[in-house]
file entry.txt (compact mmCIF, C-alpha atoms)
# COMPACT_ATOMS: atom_id res chain seq x y z
CA ASP A 1 0.00 0.00 0.00
CA ILE A 2 1.11 3.57 -0.63
CA GLN A 3 1.46 5.46 2.64
CA MET A 4 0.52 9.13 2.69
CA THR A 5 2.08 11.27 5.41
CA GLN A 6 0.89 14.79 6.07
CA SER A 7 2.63 17.49 8.03
CA PRO A 8 1.98 19.18 10.26
CA SER A 9 -0.76 17.22 12.04
CA SER A 10 -2.19 20.49 13.23
CA VAL A 11 -1.46 24.15 12.66
CA SER A 12 -2.73 27.35 14.25
CA ALA A 13 -3.05 30.42 12.08
CA SER A 14 -4.87 33.71 11.86
CA VAL A 15 -7.27 35.10 9.30
CA GLY A 16 -5.23 36.52 6.46
CA ASP A 17 -2.24 34.23 7.01
CA ARG A 18 -0.68 32.11 4.29
CA VAL A 19 -0.61 28.43 5.21
CA THR A 20 1.06 25.47 3.53
CA ILE A 21 0.33 21.81 4.28
CA THR A 22 2.57 19.11 2.91
CA CYS A 23 1.90 15.51 1.93
CA ARG A 24 4.51 12.88 1.19
CA ALA A 25 3.81 9.60 -0.60
CA SER A 26 5.82 6.47 0.20
CA GLN A 27 6.40 5.92 -3.52
CA ASP A 28 6.13 7.84 -6.77
CA ILE A 29 2.49 8.68 -7.52
CA SER A 30 3.21 11.09 -10.38
CA ARG A 31 0.46 13.71 -10.01
CA TRP A 32 -2.29 11.37 -8.85
CA LEU A 33 -3.12 13.37 -5.77
CA ALA A 34 -6.18 15.08 -4.37
CA TRP A 35 -6.83 17.43 -1.47
CA TYR A 36 -10.06 17.51 0.53
CA GLN A 37 -11.43 19.85 3.16
CA GLN A 38 -13.61 18.41 5.91
CA LYS A 39 -15.59 20.35 8.49
CA PRO A 40 -16.94 18.74 11.68
CA GLY A 41 -19.90 16.47 11.04
CA LYS A 42 -19.66 16.91 7.27
CA ALA A 43 -18.43 14.84 4.37
CA PRO A 44 -15.11 15.77 2.79
CA ASN A 45 -15.15 18.30 -0.03
CA LEU A 46 -12.86 17.84 -3.03
CA LEU A 47 -10.67 20.91 -3.48
CA ILE A 48 -7.94 19.83 -5.87
CA SER A 49 -7.31 16.83 -8.11
CA ASP A 50 -4.33 15.83 -10.23
CA ALA A 51 -2.13 17.65 -7.70
CA SER A 52 -2.97 21.15 -8.88
CA SER A 53 -6.33 21.26 -10.67
CA LEU A 54 -8.78 23.36 -8.72
CA GLN A 55 -12.31 21.99 -8.61
CA SER A 56 -15.07 24.19 -9.94
CA GLY A 57 -16.34 26.55 -7.29
CA VAL A 58 -13.26 26.31 -5.06
CA PRO A 59 -11.80 29.74 -4.24
CA SER A 60 -8.58 30.66 -6.00
CA ARG A 61 -6.81 31.21 -2.68
CA PHE A 62 -6.40 27.42 -2.62
CA SER A 63 -3.60 26.00 -4.72
CA GLY A 64 -1.79 22.69 -5.00
CA SER A 65 1.62 21.74 -6.28
CA GLY A 66 4.05 18.86 -6.46
CA SER A 67 4.68 15.60 -8.24
CA GLY A 68 6.31 12.29 -7.55
CA THR A 69 6.36 11.95 -3.78
CA ASP A 70 6.12 15.50 -2.42
CA PHE A 71 3.04 17.67 -2.58
CA SER A 72 1.68 20.77 -0.94
CA LEU A 73 -1.59 22.60 -0.45
CA THR A 74 -1.37 26.35 0.06
CA ILE A 75 -4.07 28.70 1.24
CA SER A 76 -2.87 32.17 0.30
CA SER A 77 -4.99 34.25 2.69
CA LEU A 78 -6.94 32.35 5.31
CA GLN A 79 -10.62 33.09 5.62
CA PRO A 80 -12.78 32.16 8.64
CA GLU A 81 -14.49 29.39 6.66
CA ASP A 82 -11.14 27.70 5.91
CA PHE A 83 -10.64 26.44 9.44
CA ALA A 84 -11.16 22.72 9.00
CA THR A 85 -9.26 19.45 8.57
CA TYR A 86 -7.48 18.79 5.29
CA TYR A 87 -6.68 15.39 3.80
CA CYS A 88 -4.50 14.35 0.90
CA GLN A 89 -5.36 11.22 -1.09
CA GLN A 90 -3.43 9.25 -3.67
CA ALA A 91 -5.22 7.92 -6.73
CA LYS A 92 -2.25 6.14 -8.32
CA SER A 93 -3.09 2.61 -7.27
CA PHE A 94 -5.35 0.44 -5.17
CA PRO A 95 -5.94 0.58 -2.34
CA ILE A 96 -6.69 4.28 -2.48
CA THR A 97 -5.11 5.81 0.62
CA PHE A 98 -5.49 9.05 2.53
CA GLY A 99 -3.17 11.02 4.73
CA GLN A 100 -3.88 11.22 8.43
CA GLY A 101 -5.21 14.76 8.16
CA THR A 102 -4.05 18.25 9.10
CA ARG A 103 -6.23 20.22 11.45
CA LEU A 104 -6.16 23.94 10.74
CA GLU A 105 -7.16 25.92 13.82
CA ILE A 106 -7.71 29.56 14.58
CA LYS A 107 -4.88 31.20 16.50
CA GLN B 108 -27.99 17.77 -9.50
CA VAL B 109 -25.96 14.90 -8.10
CA THR B 110 -26.90 13.57 -4.68
CA LEU B 111 -26.01 10.45 -2.71
CA ARG B 112 -27.49 9.18 0.52
CA GLU B 113 -26.42 6.31 2.73
CA SER B 114 -28.91 4.26 4.71
CA GLY B 115 -28.64 1.36 7.08
CA PRO B 116 -28.65 0.43 10.75
CA ALA B 117 -27.12 2.75 13.29
CA LEU B 118 -26.28 -0.11 15.66
CA VAL B 119 -24.90 -3.52 14.81
CA ARG B 120 -23.94 -6.31 17.19
CA PRO B 121 -20.49 -7.89 17.03
CA THR B 122 -20.25 -10.74 14.50
CA GLN B 123 -23.36 -9.53 12.66
CA THR B 124 -23.43 -8.52 9.01
CA LEU B 125 -23.82 -4.86 8.09
CA THR B 126 -25.78 -3.91 5.00
CA LEU B 127 -25.58 -0.33 3.78
CA THR B 128 -27.39 1.15 0.80
CA CYS B 129 -26.26 4.13 -1.22
CA THR B 130 -29.12 5.71 -3.12
CA PHE B 131 -28.08 8.28 -5.66
CA SER B 132 -29.54 10.63 -8.24
CA GLY B 133 -28.23 12.89 -10.98
CA PHE B 134 -26.21 10.20 -12.69
CA SER B 135 -26.56 6.59 -13.78
CA LEU B 136 -24.27 3.75 -12.91
CA SER B 137 -24.99 2.33 -16.35
CA THR B 138 -23.13 5.25 -17.93
CA ARG B 139 -19.68 4.32 -19.18
CA GLY B 140 -16.99 5.44 -16.75
CA MET B 141 -19.23 5.93 -13.73
CA CYS B 142 -18.09 4.46 -10.43
CA VAL B 143 -19.30 4.58 -6.83
CA THR B 144 -16.96 4.15 -3.87
CA TRP B 145 -17.39 3.46 -0.16
CA ILE B 146 -15.16 5.19 2.37
CA ARG B 147 -15.33 5.10 6.15
CA GLN B 148 -14.08 7.26 8.98
CA PRO B 149 -13.82 6.09 12.60
CA PRO B 150 -14.67 8.83 15.10
CA GLY B 151 -11.86 11.37 15.23
CA LYS B 152 -9.73 9.43 12.76
CA ALA B 153 -8.74 9.53 9.12
CA LEU B 154 -10.56 8.36 6.02
CA GLU B 155 -10.26 4.76 4.86
CA TRP B 156 -11.16 3.61 1.35
CA LEU B 157 -13.20 0.41 1.33
CA ALA B 158 -14.42 -0.55 -2.11
CA ARG B 159 -15.48 0.60 -5.56
CA ILE B 160 -18.03 -0.64 -8.09
CA ASP B 161 -17.92 0.37 -11.73
CA TRP B 162 -20.50 0.88 -14.45
CA ASP B 163 -19.44 -2.40 -16.04
CA ASP B 164 -19.77 -4.24 -12.71
CA ASP B 165 -16.03 -4.43 -12.05
CA LYS B 166 -15.41 -4.35 -8.32
CA TYR B 167 -12.37 -3.43 -6.24
CA TYR B 168 -11.94 -4.06 -2.54
CA SER B 169 -9.58 -3.05 0.23
CA ALA B 170 -7.13 -5.91 0.58
CA SER B 171 -7.38 -5.86 4.36
CA LEU B 172 -11.18 -6.16 4.24
CA LYS B 173 -11.62 -8.07 1.00
CA ASN B 174 -12.88 -11.25 2.64
CA ARG B 175 -15.60 -9.34 4.47
CA LEU B 176 -16.90 -6.96 1.81
CA THR B 177 -19.37 -7.45 -1.03
CA LEU B 178 -20.66 -4.81 -3.43
CA SER B 179 -23.67 -4.95 -5.69
CA LYS B 180 -25.69 -2.49 -7.71
CA ASP B 181 -29.27 -2.08 -8.82
CA ILE B 182 -29.35 0.13 -11.90
CA SER B 183 -33.13 0.47 -11.92
CA LYS B 184 -33.16 1.74 -8.34
CA ASN B 185 -29.98 3.84 -8.62
CA GLN B 186 -28.55 2.00 -5.64
CA VAL B 187 -25.29 0.44 -4.56
CA VAL B 188 -25.27 -1.99 -1.65
CA LEU B 189 -22.27 -2.74 0.56
CA THR B 190 -22.29 -5.69 2.90
CA MET B 191 -19.63 -6.20 5.56
CA THR B 192 -19.60 -9.46 7.49
CA ASP B 193 -18.36 -10.29 10.97
CA MET B 194 -18.62 -6.77 12.35
CA ASP B 195 -16.34 -5.78 15.22
CA PRO B 196 -16.26 -2.72 17.50
CA VAL B 197 -13.25 -1.44 15.51
CA ASP B 198 -15.59 -1.13 12.53
CA THR B 199 -17.47 1.64 14.31
CA ALA B 200 -17.31 4.55 11.88
CA THR B 201 -19.18 6.94 9.66
CA TYR B 202 -19.64 5.23 6.31
CA TYR B 203 -19.76 7.36 3.19
CA CYS B 204 -20.56 6.57 -0.41
CA ALA B 205 -19.12 8.86 -3.03
CA ARG B 206 -19.08 9.28 -6.78
CA MET B 207 -15.81 9.05 -8.61
CA VAL B 208 -14.89 11.79 -11.06
CA ASP B 209 -14.39 10.89 -14.69
CA HIS B 210 -10.61 11.30 -14.77
CA GLY B 211 -9.39 9.32 -11.79
CA ASP B 212 -10.12 7.92 -8.36
CA TYR B 213 -11.13 11.24 -6.89
CA PHE B 214 -14.50 11.78 -5.26
CA ASP B 215 -16.50 14.85 -6.17
CA TYR B 216 -19.89 14.08 -4.61
CA TRP B 217 -20.39 12.43 -1.24
CA GLY B 218 -23.34 11.34 0.81
CA GLN B 219 -23.81 12.87 4.23
CA GLY B 220 -22.52 9.69 5.84
CA THR B 221 -24.13 7.25 8.23
CA LEU B 222 -22.68 6.46 11.65
CA VAL B 223 -22.57 2.76 12.39
CA THR B 224 -21.79 1.70 15.95
CA VAL B 225 -20.76 -1.86 16.66
CA SER B 226 -21.55 -2.79 20.23
CA SER B 227 -23.13 -5.56 22.20
call {"tool": "encode", "arguments": {"input": "entry.txt", "output": "structure tokens"}}
result
Amino acid sequence: DIQMTQSPSSVSASVGDRVTITCRASQDISRWLAWYQQKPGKAPNLLISDASSLQSGVPSRFSGSGSGTDFSLTISSLQPEDFATYYCQQAKSFPITFGQGTRLEIK
Amino acid sequence: QVTLRESGPALVRPTQTLTLTCTFSGFSLSTRGMCVTWIRQPPGKALEWLARIDWDDDKYYSASLKNRLTLSKDISKNQVVLTMTDMDPVDTATYYCARMVDHGDYFDYWGQGTLVTVSS
């Protein structure tokens, strides 16, 4: 199985801050990576697929980059609605695997 | 408008079999390329992919759960059914069904999830 490791596990930031979350795959996954946002009690919401393709309707302050084994999600200017847990997910091979999550909290 | 909704028991006894139904609208699982996936999330923990069923009835299962999982679909009812045998308290989780996008194993529409508790 491909292991996905996110860092940090949690981060505190303020509205307006720039935040970057990283995700490392245990083997080369090319650009087969997605990022999801999940709020308490809700299903995950797909933000980015193919490492950097923003889903329709997702604000442009979200961006993704990377390929191979190292990836990142950047939120350029945090908004109050961005405080949530973020997950990366590889789509290179079965079983599909997710990172352990990064909790983004208000400072 | 694409929607998915999970249904099934909220409480299951250990060793029992869980049956969950995903009822969806806004797409057809008879359309080439369409796939529906099941994912679960134990309370306070990360997401775990379970299984996928395709438009052509191909099925894929988590290797660690393969012997316990079965997927089926009913095209006329727009439903996918997941059964999981020999339930254990560690299987307590919110179970989601989700639709796969057309260009890879990414999930663009999700149900609201159903919490299944395994307890005697």
call {"tool": "closest_residue", "arguments": {"input": "entry.txt", "among": "B:Phe214, B:Ser114, B:Ser183, B:Thr138", "to": "Trp35 of chain A", "atoms": "only C-alpha atoms"}}
result
B:Phe214
call {"tool": "residues_around", "arguments": {"input": "entry.txt", "residues": "Val197 of chain B", "least_positions_apart": "2", "cutoff": "12 Å", "atoms": "all atoms listed in the file", "output": "short mmCIF file (atom, residue, chain, number, x, y, z; two decimals) with C-alpha atoms, keeping the file's coordinate frame"}}
result
data_model
loop_
_atom_site.label_atom_id
_atom_site.label_comp_id
_atom_site.auth_asym_id
_atom_site.auth_seq_id
_atom_site.Cartn_x
_atom_site.Cartn_y
_atom_site.Cartn_z
CA VAL B 119 -24.90 -3.52 14.81
CA ARG B 120 -23.94 -6.31 17.19
CA PRO B 121 -20.49 -7.89 17.03
CA THR B 122 -20.25 -10.74 14.50
CA ARG B 147 -15.33 5.10 6.15
CA GLN B 148 -14.08 7.26 8.98
CA PRO B 149 -13.82 6.09 12.60
CA PRO B 150 -14.67 8.83 15.10
CA LYS B 152 -9.73 9.43 12.76
CA ASP B 193 -18.36 -10.29 10.97
CA MET B 194 -18.62 -6.77 12.35
CA ASP B 195 -16.34 -5.78 15.22
CA THR B 199 -17.47 1.64 14.31
CA ALA B 200 -17.31 4.55 11.88
CA THR B 201 -19.18 6.94 9.66
CA VAL B 223 -22.57 2.76 12.39
CA THR B 224 -21.79 1.70 15.95
CA VAL B 225 -20.76 -1.86 16.66
CA SER B 226 -21.55 -2.79 20.23
#
call {"tool": "residues_around", "arguments": {"input": "entry.txt", "residues": "segment 216-218 of chain B", "least_positions_apart": "5", "cutoff": "10 Å", "atoms": "all atoms listed in the file", "output": "PDB file with C-alpha atoms, in the coordinates of the input"}}
result
ATOM      1  CA  LYS A  42     -19.660  16.910   7.270  1.00  0.00           C
ATOM      2  CA  ALA A  43     -18.430  14.840   4.370  1.00  0.00           C
ATOM      3  CA  PRO A  44     -15.110  15.770   2.790  1.00  0.00           C
ATOM      4  CA  ASN A  45     -15.150  18.300  -0.030  1.00  0.00           C
ATOM      5  CA  LEU A  46     -12.860  17.840  -3.030  1.00  0.00           C
TER       6      LEU A  46
ATOM      7  CA  VAL B 109     -25.960  14.900  -8.100  1.00  0.00           C
ATOM      8  CA  THR B 110     -26.900  13.570  -4.680  1.00  0.00           C
ATOM      9  CA  LEU B 111     -26.010  10.450  -2.710  1.00  0.00           C
ATOM     10  CA  ARG B 112     -27.490   9.180   0.520  1.00  0.00           C
ATOM     11  CA  GLU B 113     -26.420   6.310   2.730  1.00  0.00           C
ATOM     12  CA  SER B 114     -28.910   4.260   4.710  1.00  0.00           C
ATOM     13  CA  CYS B 129     -26.260   4.130  -1.220  1.00  0.00           C
ATOM     14  CA  THR B 130     -29.120   5.710  -3.120  1.00  0.00           C
ATOM     15  CA  PHE B 131     -28.080   8.280  -5.660  1.00  0.00           C
ATOM     16  CA  VAL B 143     -19.300   4.580  -6.830  1.00  0.00           C
ATOM     17  CA  THR B 144     -16.960   4.150  -3.870  1.00  0.00           C
ATOM     18  CA  TRP B 145     -17.390   3.460  -0.160  1.00  0.00           C
ATOM     19  CA  ILE B 146     -15.160   5.190   2.370  1.00  0.00           C
ATOM     20  CA  TYR B 202     -19.640   5.230   6.310  1.00  0.00           C
ATOM     21  CA  TYR B 203     -19.760   7.360   3.190  1.00  0.00           C
ATOM     22  CA  CYS B 204     -20.560   6.570  -0.410  1.00  0.00           C
ATOM     23  CA  ALA B 205     -19.120   8.860  -3.030  1.00  0.00           C
ATOM     24  CA  ARG B 206     -19.080   9.280  -6.780  1.00  0.00           C
ATOM     25  CA  MET B 207     -15.810   9.050  -8.610  1.00  0.00           C
ATOM     26  CA  VAL B 208     -14.890  11.790 -11.060  1.00  0.00           C
TER      27      VAL B 208
END
call {"tool": "interface_residues", "arguments": {"input": "entry.txt", "of": "chain B", "to": "chain A", "cutoff": "6 Å", "atoms": "all atoms listed in the file", "output": "JSON, numbers by chain"}}
result
{"B": [153, 156, 169, 212, 215, 219]}
call {"tool": "atom_distance", "arguments": {"input": "entry.txt", "atom1": "atom CA of Arg31 of chain A", "atom2": "atom CA of Leu73 of chain A"}}
result
13.2 Å
call {"tool": "closest_residue", "arguments": {"input": "entry.txt", "among": "A:Ser52, A:Thr22, A:Gln38, A:Ser9", "to": "Leu154 of chain B", "atoms": "only C-alpha atoms"}}
result
A:Gln38
call {"tool": "atom_distance", "arguments": {"input": "entry.txt", "atom1": "atom CA of Ile106 of chain A", "atom2": "atom CA of Ser7 of chain A"}}
result
17.2 Å
call {"tool": "closest_residue", "arguments": {"input": "entry.txt", "among": "A:Ala84, A:Thr74, A:Glu105, A:Ser53", "to": "Val19 of chain A", "atoms": "only C-alpha atoms"}}
result
A:Thr74
call {"tool": "atom_distance", "arguments": {"input": "entry.txt", "atom1": "atom CA of Asp181 of chain B", "atom2": "atom CA of Lys166 of chain B"}}
result
14.1 Å
call {"tool": "closest_residue", "arguments": {"input": "entry.txt", "among": "A:Ser14, A:Ser63, A:Ala51, A:Leu104", "to": "Ile29 of chain A", "atoms": "all atoms listed in the file"}}
result
A:Ala51
call {"tool": "closest_residue", "arguments": {"input": "entry.txt", "among": "B:Gly211, B:Leu172, B:Cys142, B:Pro196", "to": "Leu118 of chain B", "atoms": "all atoms listed in the file"}}
result
B:Pro196
call {"tool": "residues_around", "arguments": {"input": "entry.txt", "residues": "Gln79 of chain A", "least_positions_apart": "2", "cutoff": "7 Å", "atoms": "all atoms listed in the file", "output": "MDAnalysis selection string"}}
result
chainID A and resid 15:16 77 81:82
call {"tool": "build_atoms", "arguments": {"input": "entry.txt", "residues": "segment 139-173 of chain B", "atoms": "N, CA and C atoms", "output": "mmCIF file, in the coordinates of the input"}}
result
data_model
loop_
_atom_site.group_PDB
_atom_site.id
_atom_site.type_symbol
_atom_site.label_atom_id
_atom_site.label_comp_id
_atom_site.auth_asym_id
_atom_site.auth_seq_id
_atom_site.Cartn_x
_atom_site.Cartn_y
_atom_site.Cartn_z
ATOM 1 N N ARG B 139 -21.088 4.715 -19.074
ATOM 2 C CA ARG B 139 -19.680 4.320 -19.180
ATOM 3 C C ARG B 139 -18.802 5.254 -18.365
ATOM 4 N N GLY B 140 -17.941 4.663 -17.542
ATOM 5 C CA GLY B 140 -16.990 5.440 -16.750
ATOM 6 C C GLY B 140 -17.454 5.794 -15.352
ATOM 7 N N MET B 141 -18.738 5.589 -15.063
ATOM 8 C CA MET B 141 -19.230 5.930 -13.730
ATOM 9 C C MET B 141 -18.820 4.882 -12.701
ATOM 10 N N CYS B 142 -18.494 5.344 -11.513
ATOM 11 C CA CYS B 142 -18.090 4.460 -10.430
ATOM 12 C C CYS B 142 -18.583 5.039 -9.104
ATOM 13 N N VAL B 143 -18.924 4.171 -8.181
ATOM 14 C CA VAL B 143 -19.300 4.580 -6.830
ATOM 15 C C VAL B 143 -18.377 3.872 -5.842
ATOM 16 N N THR B 144 -17.939 4.623 -4.847
ATOM 17 C CA THR B 144 -16.960 4.150 -3.870
ATOM 18 C C THR B 144 -17.541 4.256 -2.468
ATOM 19 N N TRP B 145 -17.079 3.373 -1.590
ATOM 20 C CA TRP B 145 -17.390 3.460 -0.160
ATOM 21 C C TRP B 145 -16.124 3.795 0.603
ATOM 22 N N ILE B 146 -16.249 4.712 1.533
ATOM 23 C CA ILE B 146 -15.160 5.190 2.370
ATOM 24 C C ILE B 146 -15.702 5.286 3.793
ATOM 25 N N ARG B 147 -14.880 4.966 4.776
ATOM 26 C CA ARG B 147 -15.330 5.100 6.150
ATOM 27 C C ARG B 147 -14.375 5.933 6.967
ATOM 28 N N GLN B 148 -14.872 6.403 8.110
ATOM 29 C CA GLN B 148 -14.080 7.260 8.980
ATOM 30 C C GLN B 148 -14.440 6.979 10.430
ATOM 31 N N PRO B 149 -13.572 6.285 11.154
ATOM 32 C CA PRO B 149 -13.820 6.090 12.600
ATOM 33 C C PRO B 149 -13.854 7.438 13.300
ATOM 34 N N PRO B 150 -14.564 7.541 14.405
ATOM 35 C CA PRO B 150 -14.670 8.830 15.100
ATOM 36 C C PRO B 150 -13.300 9.430 15.409
ATOM 37 N N GLY B 151 -13.095 10.650 14.963
ATOM 38 C CA GLY B 151 -11.860 11.370 15.230
ATOM 39 C C GLY B 151 -10.640 10.877 14.460
ATOM 40 N N LYS B 152 -10.862 9.990 13.502
ATOM 41 C CA LYS B 152 -9.730 9.430 12.760
ATOM 42 C C LYS B 152 -9.802 9.768 11.271
ATOM 43 N N ALA B 153 -8.859 9.206 10.541
ATOM 44 C CA ALA B 153 -8.740 9.530 9.120
ATOM 45 C C ALA B 153 -9.685 8.689 8.263
ATOM 46 N N LEU B 154 -9.720 9.036 7.003
ATOM 47 C CA LEU B 154 -10.560 8.360 6.020
ATOM 48 C C LEU B 154 -9.909 7.054 5.568
ATOM 49 N N GLU B 155 -10.745 6.062 5.329
ATOM 50 C CA GLU B 155 -10.260 4.760 4.860
ATOM 51 C C GLU B 155 -11.117 4.313 3.673
ATOM 52 N N TRP B 156 -10.469 4.093 2.537
ATOM 53 C CA TRP B 156 -11.160 3.610 1.350
ATOM 54 C C TRP B 156 -11.514 2.141 1.530
ATOM 55 N N LEU B 157 -12.734 1.776 1.144
ATOM 56 C CA LEU B 157 -13.200 0.410 1.330
ATOM 57 C C LEU B 157 -13.353 -0.363 0.025
ATOM 58 N N ALA B 158 -14.073 0.219 -0.924
ATOM 59 C CA ALA B 158 -14.420 -0.550 -2.110
ATOM 60 C C ALA B 158 -14.980 0.360 -3.193
ATOM 61 N N ARG B 159 -14.961 -0.151 -4.425
ATOM 62 C CA ARG B 159 -15.480 0.600 -5.560
ATOM 63 C C ARG B 159 -16.202 -0.356 -6.503
ATOM 64 N N ILE B 160 -17.320 0.119 -7.067
ATOM 65 C CA ILE B 160 -18.030 -0.640 -8.090
ATOM 66 C C ILE B 160 -18.181 0.234 -9.326
ATOM 67 N N ASP B 161 -17.924 -0.365 -10.479
ATOM 68 C CA ASP B 161 -17.920 0.370 -11.730
ATOM 69 C C ASP B 161 -19.184 0.129 -12.544
ATOM 70 N N TRP B 162 -19.359 0.962 -13.544
ATOM 71 C CA TRP B 162 -20.500 0.880 -14.450
ATOM 72 C C TRP B 162 -20.597 -0.480 -15.122
ATOM 73 N N ASP B 163 -19.447 -1.115 -15.354
ATOM 74 C CA ASP B 163 -19.440 -2.400 -16.040
ATOM 75 C C ASP B 163 -19.414 -3.571 -15.060
ATOM 76 N N ASP B 164 -19.682 -3.275 -13.795
ATOM 77 C CA ASP B 164 -19.770 -4.240 -12.710
ATOM 78 C C ASP B 164 -18.413 -4.750 -12.226
ATOM 79 N N ASP B 165 -17.312 -4.132 -12.679
ATOM 80 C CA ASP B 165 -16.030 -4.430 -12.050
ATOM 81 C C ASP B 165 -16.088 -3.959 -10.596
ATOM 82 N N LYS B 166 -15.414 -4.695 -9.739
ATOM 83 C CA LYS B 166 -15.410 -4.350 -8.320
ATOM 84 C C LYS B 166 -13.968 -4.401 -7.794
ATOM 85 N N TYR B 167 -13.680 -3.501 -6.859
ATOM 86 C CA TYR B 167 -12.370 -3.430 -6.240
ATOM 87 C C TYR B 167 -12.578 -3.315 -4.742
ATOM 88 N N TYR B 168 -11.780 -4.039 -3.989
ATOM 89 C CA TYR B 168 -11.940 -4.060 -2.540
ATOM 90 C C TYR B 168 -10.623 -3.778 -1.825
ATOM 91 N N SER B 169 -10.737 -3.181 -0.645
ATOM 92 C CA SER B 169 -9.580 -3.050 0.230
ATOM 93 C C SER B 169 -9.028 -4.438 0.525
ATOM 94 N N ALA B 170 -7.730 -4.603 0.364
ATOM 95 C CA ALA B 170 -7.130 -5.910 0.580
ATOM 96 C C ALA B 170 -7.337 -6.395 2.010
ATOM 97 N N SER B 171 -7.277 -5.464 2.954
ATOM 98 C CA SER B 171 -7.380 -5.860 4.360
ATOM 99 C C SER B 171 -8.806 -6.259 4.741
ATOM 100 N N LEU B 172 -9.785 -5.866 3.939
ATOM 101 C CA LEU B 172 -11.180 -6.160 4.240
ATOM 102 C C LEU B 172 -11.840 -7.019 3.173
ATOM 103 N N LYS B 173 -11.079 -7.420 2.195
ATOM 104 C CA LYS B 173 -11.620 -8.070 1.000
ATOM 105 C C LYS B 173 -12.533 -9.255 1.338
#
